[in-house]
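Below is my_file.pdb, holding PDB, C-alpha atoms, pLDDT in the B column.
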```pdb
ATOM      1  CA  MET A1471     -89.961  72.063 -68.628  1.00 45.00           C
ATOM      2  CA  SER A1472     -91.994  74.724 -70.436  1.00 52.00           C
ATOM      3  CA  GLY A1473     -89.679  77.679 -69.677  1.00 54.00           C
ATOM      4  CA  GLU A1474     -92.211  79.431 -67.445  1.00 62.00           C
ATOM      5  CA  ILE A1475     -90.947  81.036 -64.282  1.00 64.00           C
ATOM      6  CA  SER A1476     -92.832  80.020 -61.183  1.00 73.00           C
ATOM      7  CA  LEU A1477     -93.137  83.036 -58.920  1.00 74.00           C
ATOM      8  CA  PRO A1478     -93.647  82.715 -55.192  1.00 79.00           C
ATOM      9  CA  PRO A1479     -96.870  84.215 -53.844  1.00 84.00           C
ATOM     10  CA  GLU A1480     -94.967  87.152 -52.340  1.00 86.00           C
ATOM     11  CA  ALA A1481     -93.562  88.098 -55.761  1.00 86.00           C
ATOM     12  CA  GLN A1482     -96.984  87.737 -57.354  1.00 89.00           C
ATOM     13  CA  GLN A1483     -98.395  90.037 -54.676  1.00 94.00           C
ATOM     14  CA  VAL A1484     -95.760  92.709 -55.388  1.00 94.00           C
ATOM     15  CA  ILE A1485     -96.507  92.475 -59.122  1.00 94.00           C
ATOM     16  CA  ALA A1486    -100.240  92.804 -58.438  1.00 96.00           C
ATOM     17  CA  GLN A1487     -99.583  95.862 -56.253  1.00 97.00           C
ATOM     18  CA  LEU A1488     -97.428  97.355 -59.012  1.00 97.00           C
ATOM     19  CA  GLN A1489    -100.212  96.864 -61.547  1.00 97.00           C
ATOM     20  CA  THR A1490    -102.742  98.455 -59.181  1.00 98.00           C
ATOM     21  CA  PHE A1491    -100.494 101.476 -58.643  1.00 98.00           C
ATOM     22  CA  GLN A1492     -99.968 101.809 -62.399  1.00 98.00           C
ATOM     23  CA  GLN A1493    -103.718 101.783 -62.999  1.00 98.00           C
ATOM     24  CA  GLN A1494    -104.260 104.366 -60.256  1.00 98.00           C
ATOM     25  CA  LEU A1495    -101.511 106.504 -61.780  1.00 98.00           C
ATOM     26  CA  GLN A1496    -103.110 106.354 -65.234  1.00 98.00           C
ATOM     27  CA  ALA A1497    -106.515 107.307 -63.819  1.00 98.00           C
ATOM     28  CA  SER A1498    -105.010 110.179 -61.808  1.00 98.00           C
ATOM     29  CA  ILE A1499    -103.135 111.527 -64.824  1.00 98.00           C
ATOM     30  CA  LEU A1500    -106.297 111.411 -66.948  1.00 98.00           C
ATOM     31  CA  GLN A1501    -108.243 113.209 -64.222  1.00 98.00           C
ATOM     32  CA  ARG A1502    -105.505 115.856 -63.850  1.00 98.00           C
ATOM     33  CA  ASP A1503    -105.398 116.402 -67.620  1.00 98.00           C
ATOM     34  CA  SER A1504    -109.178 116.787 -67.731  1.00 98.00           C
ATOM     35  CA  LEU A1505    -109.036 119.343 -64.918  1.00 98.00           C
ATOM     36  CA  ASN A1506    -106.243 121.225 -66.711  1.00 98.00           C
ATOM     37  CA  LEU A1507    -108.493 121.489 -69.776  1.00 98.00           C
ATOM     38  CA  GLN A1508    -111.344 122.808 -67.636  1.00 98.00           C
ATOM     39  CA  LYS A1509    -108.942 125.300 -66.055  1.00 98.00           C
ATOM     40  CA  LEU A1510    -107.853 126.521 -69.478  1.00 98.00           C
ATOM     41  CA  GLU A1511    -111.473 126.948 -70.593  1.00 97.00           C
ATOM     42  CA  ILE A1512    -112.300 128.968 -67.476  1.00 98.00           C
ATOM     43  CA  GLU A1513    -109.228 131.152 -67.909  1.00 98.00           C
ATOM     44  CA  LYS A1514    -110.229 131.875 -71.516  1.00 97.00           C
ATOM     45  CA  ALA A1515    -113.784 132.688 -70.413  1.00 96.00           C
ATOM     46  CA  LEU A1516    -112.445 135.091 -67.769  1.00 97.00           C
ATOM     47  CA  GLU A1517    -110.249 136.750 -70.401  1.00 97.00           C
ATOM     48  CA  ALA A1518    -113.282 137.173 -72.646  1.00 95.00           C
ATOM     49  CA  LEU A1519    -115.281 138.659 -69.760  1.00 95.00           C
ATOM     50  CA  GLU A1520    -112.585 141.270 -69.193  1.00 94.00           C
ATOM     51  CA  LYS A1521    -113.488 142.735 -72.584  1.00 94.00           C
ATOM     52  CA  VAL A1522    -117.170 143.023 -71.650  1.00 93.00           C
ATOM     53  CA  LYS A1523    -118.375 146.280 -70.109  1.00 91.00           C
ATOM     54  CA  GLU A1524    -120.131 146.068 -66.748  1.00 86.00           C
ATOM     55  CA  ASN A1525    -123.486 147.215 -68.171  1.00 83.00           C
ATOM     56  CA  GLU A1526    -123.494 144.807 -71.157  1.00 87.00           C
ATOM     57  CA  SER A1527    -125.540 141.632 -71.104  1.00 86.00           C
ATOM     58  CA  VAL A1528    -123.787 138.377 -70.304  1.00 93.00           C
ATOM     59  CA  TYR A1529    -125.264 134.938 -70.845  1.00 93.00           C
ATOM     60  CA  LYS A1530    -124.328 131.634 -69.283  1.00 91.00           C
ATOM     61  CA  ILE A1531    -125.324 128.136 -70.235  1.00 91.00           C
ATOM     62  CA  THR A1532    -127.348 126.206 -67.698  1.00 90.00           C
ATOM     63  CA  GLY A1533    -128.163 122.818 -69.154  1.00 93.00           C
ATOM     64  CA  PRO A1534    -129.689 123.408 -72.587  1.00 94.00           C
ATOM     65  CA  VAL A1535    -130.692 127.005 -71.738  1.00 95.00           C
ATOM     66  CA  LEU A1536    -128.879 130.354 -72.030  1.00 94.00           C
ATOM     67  CA  ILE A1537    -129.601 132.599 -69.050  1.00 94.00           C
ATOM     68  CA  LYS A1538    -129.033 136.341 -68.942  1.00 94.00           C
ATOM     69  CA  THR A1539    -127.015 137.299 -65.874  1.00 92.00           C
ATOM     70  CA  LYS A1540    -124.713 139.945 -64.438  1.00 92.00           C
ATOM     71  CA  LYS A1541    -121.071 139.993 -65.523  1.00 93.00           C
ATOM     72  CA  SER A1542    -119.939 140.149 -61.872  1.00 92.00           C
ATOM     73  CA  GLU A1543    -121.924 137.011 -60.975  1.00 92.00           C
ATOM     74  CA  VAL A1544    -120.414 135.027 -63.838  1.00 94.00           C
ATOM     75  CA  GLU A1545    -116.913 136.240 -62.960  1.00 95.00           C
ATOM     76  CA  LYS A1546    -117.415 135.259 -59.322  1.00 95.00           C
ATOM     77  CA  GLU A1547    -118.675 131.785 -60.258  1.00 96.00           C
ATOM     78  CA  LEU A1548    -115.816 131.224 -62.696  1.00 97.00           C
ATOM     79  CA  LYS A1549    -113.175 132.372 -60.202  1.00 98.00           C
ATOM     80  CA  GLU A1550    -114.595 130.063 -57.520  1.00 98.00           C
ATOM     81  CA  LYS A1551    -114.652 127.163 -59.965  1.00 98.00           C
ATOM     82  CA  LEU A1552    -111.071 127.976 -60.996  1.00 98.00           C
ATOM     83  CA  GLU A1553    -109.941 127.885 -57.356  1.00 98.00           C
ATOM     84  CA  GLU A1554    -111.647 124.521 -56.812  1.00 98.00           C
ATOM     85  CA  ILE A1555    -109.995 123.080 -59.910  1.00 98.00           C
ATOM     86  CA  GLU A1556    -106.561 124.384 -58.910  1.00 98.00           C
ATOM     87  CA  VAL A1557    -106.898 122.744 -55.460  1.00 98.00           C
ATOM     88  CA  LYS A1558    -107.906 119.455 -57.092  1.00 98.00           C
ATOM     89  CA  ILE A1559    -104.986 119.655 -59.524  1.00 98.00           C
ATOM     90  CA  LYS A1560    -102.515 120.243 -56.663  1.00 98.00           C
ATOM     91  CA  SER A1561    -103.978 117.296 -54.785  1.00 98.00           C
ATOM     92  CA  LEU A1562    -103.709 115.084 -57.861  1.00 98.00           C
ATOM     93  CA  GLU A1563    -100.110 116.213 -58.440  1.00 98.00           C
ATOM     94  CA  LYS A1564     -99.245 115.056 -54.904  1.00 98.00           C
ATOM     95  CA  LEU A1565    -101.042 111.753 -55.460  1.00 98.00           C
ATOM     96  CA  ILE A1566     -99.285 111.232 -58.802  1.00 98.00           C
ATOM     97  CA  LYS A1567     -95.905 111.835 -57.188  1.00 98.00           C
ATOM     98  CA  LYS A1568     -96.662 109.345 -54.384  1.00 98.00           C
ATOM     99  CA  LEU A1569     -97.861 106.752 -56.884  1.00 98.00           C
ATOM    100  CA  GLU A1570     -94.736 107.215 -59.000  1.00 98.00           C
ATOM    101  CA  GLU A1571     -92.613 106.643 -55.887  1.00 98.00           C
ATOM    102  CA  LYS A1572     -94.581 103.515 -54.968  1.00 97.00           C
ATOM    103  CA  ILE A1573     -94.271 102.209 -58.540  1.00 97.00           C
ATOM    104  CA  LYS A1574     -90.520 102.771 -58.509  1.00 97.00           C
ATOM    105  CA  GLU A1575     -90.250 100.977 -55.170  1.00 96.00           C
ATOM    106  CA  LYS A1576     -92.234  97.973 -56.421  1.00 95.00           C
ATOM    107  CA  GLN A1577     -90.236  97.872 -59.669  1.00 95.00           C
ATOM    108  CA  GLU A1578     -87.020  97.799 -57.652  1.00 93.00           C
ATOM    109  CA  LYS A1579     -88.361  94.948 -55.511  1.00 91.00           C
ATOM    110  CA  ILE A1580     -89.295  92.984 -58.610  1.00 88.00           C
ATOM    111  CA  LYS A1581     -85.920  93.671 -60.236  1.00 89.00           C
ATOM    112  CA  ALA A1582     -84.131  92.618 -57.053  1.00 86.00           C
ATOM    113  CA  PHE A1583     -86.221  89.455 -56.903  1.00 81.00           C
ATOM    114  CA  PHE A1584     -85.207  88.454 -60.413  1.00 79.00           C
ATOM    115  CA  GLU A1585     -81.586  89.257 -59.596  1.00 80.00           C
ATOM    116  CA  GLY A1586     -81.924  87.024 -56.552  1.00 74.00           C
ATOM    117  CA  SER A1587     -80.859  89.633 -54.037  1.00 50.00           C
ATOM    118  CA  ILE A1588     -84.057  89.900 -52.024  1.00 50.00           C
ATOM    119  CA  SER A1589     -86.219  87.567 -50.062  1.00 52.00           C
ATOM    120  CA  PHE A1590     -89.949  88.118 -50.338  1.00 53.00           C
ATOM    121  CA  GLY A1591     -90.596  86.396 -47.050  1.00 50.00           C
ATOM    122  CA  GLY A1592     -89.858  89.497 -44.963  1.00 48.00           C
ATOM    123  CA  ALA A1593     -91.500  92.865 -44.561  1.00 46.00           C
ATOM    124  CA  GLN A1594     -92.528  94.830 -47.637  1.00 45.00           C
TER     125      GLN A1594
END
```
Would you mind writing the file out in structure tokens?
Amino acid sequence: MSGEISLPPEAQQVIAQLQTFQQQLQASILQRDSLNLQKLEIEKALEALEKVKENESVYKITGPVLIKTKKSEVEKELKEKLEEIEVKIKSLEKLIKKLEEKIKEKQEKIKAFFEGSISFGGAQ
């Protein structure tokens, strides 16, 4: 005997689900972190705009070009973008929490399987 543990298909399925949830969690966390960075950049830009007088020129980057625009237009665009990002972050936070719960559930099933206290033949 080679010392390998032969897992029933049901256990292998739970492990595969666990791995999928872990990958989804990692991707969601990376996406949330990226959005948090964007949020921070927008907040800093809005802070900088507060120091600019209404009649002063403001420029924004559009592709490789700087475009002269009104301070109020840039503020409006940034605030809208900030709102969108905050909604996405909240949504990702909910998803992350659900994934963490699913991961914990699958880990408990796997632990119980190895302790011999669960049958994988029933409902999951």
Would you write out, as a ChimeraX atom specification, every residue that the PyMOL selection byres ((chain A and resi 1493-1509) around 8) captures in this file? /A:1489-1492,1510-1513,1552,1555-1556,1558-1559,1562-1563,1565-1566,1569-1570
Could you list, as a ChimeraX atom specification, every residue matched by the PyMOL selection byres ((chain A and resi 1534-1548) around 9) in this structure? /A:1512-1513,1515-1516,1519,1522-1533,1549-1553
I'd like the residues picked by the PyMOL selection byres ((chain A and resi 1485) around 12) written out as a PyMOL selection string, using the chain letters and numbers from the file. chain A and resi 1477-1484+1486-1492+1572-1581+1583+1590
My structure is short of atoms at region 1475-1494 of chain A; please model N, CA and C atoms there, returning them as a PDB file, keeping the file's coordinate frame.
```
ATOM      1  N   ILE A1475     -91.523  80.775 -65.584  1.00 64.00           N
ATOM      2  CA  ILE A1475     -90.947  81.036 -64.282  1.00 64.00           C
ATOM      3  C   ILE A1475     -92.065  80.956 -63.254  1.00 64.00           C
ATOM      4  N   SER A1476     -91.854  80.140 -62.251  1.00 73.00           N
ATOM      5  CA  SER A1476     -92.832  80.020 -61.183  1.00 73.00           C
ATOM      6  C   SER A1476     -92.483  81.041 -60.107  1.00 73.00           C
ATOM      7  N   LEU A1477     -93.375  81.984 -59.889  1.00 74.00           N
ATOM      8  CA  LEU A1477     -93.137  83.036 -58.920  1.00 74.00           C
ATOM      9  C   LEU A1477     -93.769  82.676 -57.581  1.00 74.00           C
ATOM     10  N   PRO A1478     -93.049  82.945 -56.506  1.00 79.00           N
ATOM     11  CA  PRO A1478     -93.647  82.715 -55.192  1.00 79.00           C
ATOM     12  C   PRO A1478     -94.809  83.691 -54.971  1.00 79.00           C
ATOM     13  N   PRO A1479     -95.710  83.351 -54.089  1.00 84.00           N
ATOM     14  CA  PRO A1479     -96.870  84.215 -53.844  1.00 84.00           C
ATOM     15  C   PRO A1479     -96.489  85.649 -53.470  1.00 84.00           C
ATOM     16  N   GLU A1480     -95.391  85.804 -52.737  1.00 86.00           N
ATOM     17  CA  GLU A1480     -94.967  87.152 -52.340  1.00 86.00           C
ATOM     18  C   GLU A1480     -94.609  87.998 -53.567  1.00 86.00           C
ATOM     19  N   ALA A1481     -93.932  87.388 -54.537  1.00 86.00           N
ATOM     20  CA  ALA A1481     -93.562  88.098 -55.761  1.00 86.00           C
ATOM     21  C   ALA A1481     -94.817  88.429 -56.574  1.00 86.00           C
ATOM     22  N   GLN A1482     -95.733  87.498 -56.636  1.00 89.00           N
ATOM     23  CA  GLN A1482     -96.984  87.737 -57.354  1.00 89.00           C
ATOM     24  C   GLN A1482     -97.755  88.889 -56.712  1.00 89.00           C
ATOM     25  N   GLN A1483     -97.714  88.960 -55.387  1.00 94.00           N
ATOM     26  CA  GLN A1483     -98.395  90.037 -54.676  1.00 94.00           C
ATOM     27  C   GLN A1483     -97.766  91.396 -55.010  1.00 94.00           C
ATOM     28  N   VAL A1484     -96.440  91.460 -55.059  1.00 94.00           N
ATOM     29  CA  VAL A1484     -95.760  92.709 -55.388  1.00 94.00           C
ATOM     30  C   VAL A1484     -96.106  93.134 -56.820  1.00 94.00           C
ATOM     31  N   ILE A1485     -96.152  92.177 -57.732  1.00 94.00           N
ATOM     32  CA  ILE A1485     -96.507  92.475 -59.122  1.00 94.00           C
ATOM     33  C   ILE A1485     -97.947  92.980 -59.209  1.00 94.00           C
ATOM     34  N   ALA A1486     -98.843  92.360 -58.447  1.00 96.00           N
ATOM     35  CA  ALA A1486    -100.240  92.804 -58.438  1.00 96.00           C
ATOM     36  C   ALA A1486    -100.350  94.225 -57.871  1.00 96.00           C
ATOM     37  N   GLN A1487     -99.584  94.509 -56.824  1.00 97.00           N
ATOM     38  CA  GLN A1487     -99.583  95.862 -56.253  1.00 97.00           C
ATOM     39  C   GLN A1487     -99.060  96.865 -57.278  1.00 97.00           C
ATOM     40  N   LEU A1488     -98.000  96.491 -57.978  1.00 97.00           N
ATOM     41  CA  LEU A1488     -97.428  97.355 -59.012  1.00 97.00           C
ATOM     42  C   LEU A1488     -98.481  97.674 -60.068  1.00 97.00           C
ATOM     43  N   GLN A1489     -99.188  96.659 -60.523  1.00 97.00           N
ATOM     44  CA  GLN A1489    -100.212  96.864 -61.547  1.00 97.00           C
ATOM     45  C   GLN A1489    -101.328  97.781 -61.039  1.00 97.00           C
ATOM     46  N   THR A1490    -101.714  97.613 -59.775  1.00 98.00           N
ATOM     47  CA  THR A1490    -102.742  98.455 -59.181  1.00 98.00           C
ATOM     48  C   THR A1490    -102.282  99.908 -59.135  1.00 98.00           C
ATOM     49  N   PHE A1491    -101.041 100.123 -58.695  1.00 98.00           N
ATOM     50  CA  PHE A1491    -100.494 101.476 -58.643  1.00 98.00           C
ATOM     51  C   PHE A1491    -100.418 102.097 -60.038  1.00 98.00           C
ATOM     52  N   GLN A1492    -100.047 101.301 -61.032  1.00 98.00           N
ATOM     53  CA  GLN A1492     -99.968 101.809 -62.399  1.00 98.00           C
ATOM     54  C   GLN A1492    -101.347 102.230 -62.909  1.00 98.00           C
ATOM     55  N   GLN A1493    -102.361 101.439 -62.589  1.00 98.00           N
ATOM     56  CA  GLN A1493    -103.718 101.783 -62.999  1.00 98.00           C
ATOM     57  C   GLN A1493    -104.194 103.057 -62.302  1.00 98.00           C
ATOM     58  N   GLN A1494    -103.891 103.164 -61.001  1.00 98.00           N
ATOM     59  CA  GLN A1494    -104.260 104.366 -60.256  1.00 98.00           C
ATOM     60  C   GLN A1494    -103.539 105.592 -60.823  1.00 98.00           C
TER      61      GLN A1494
END
```
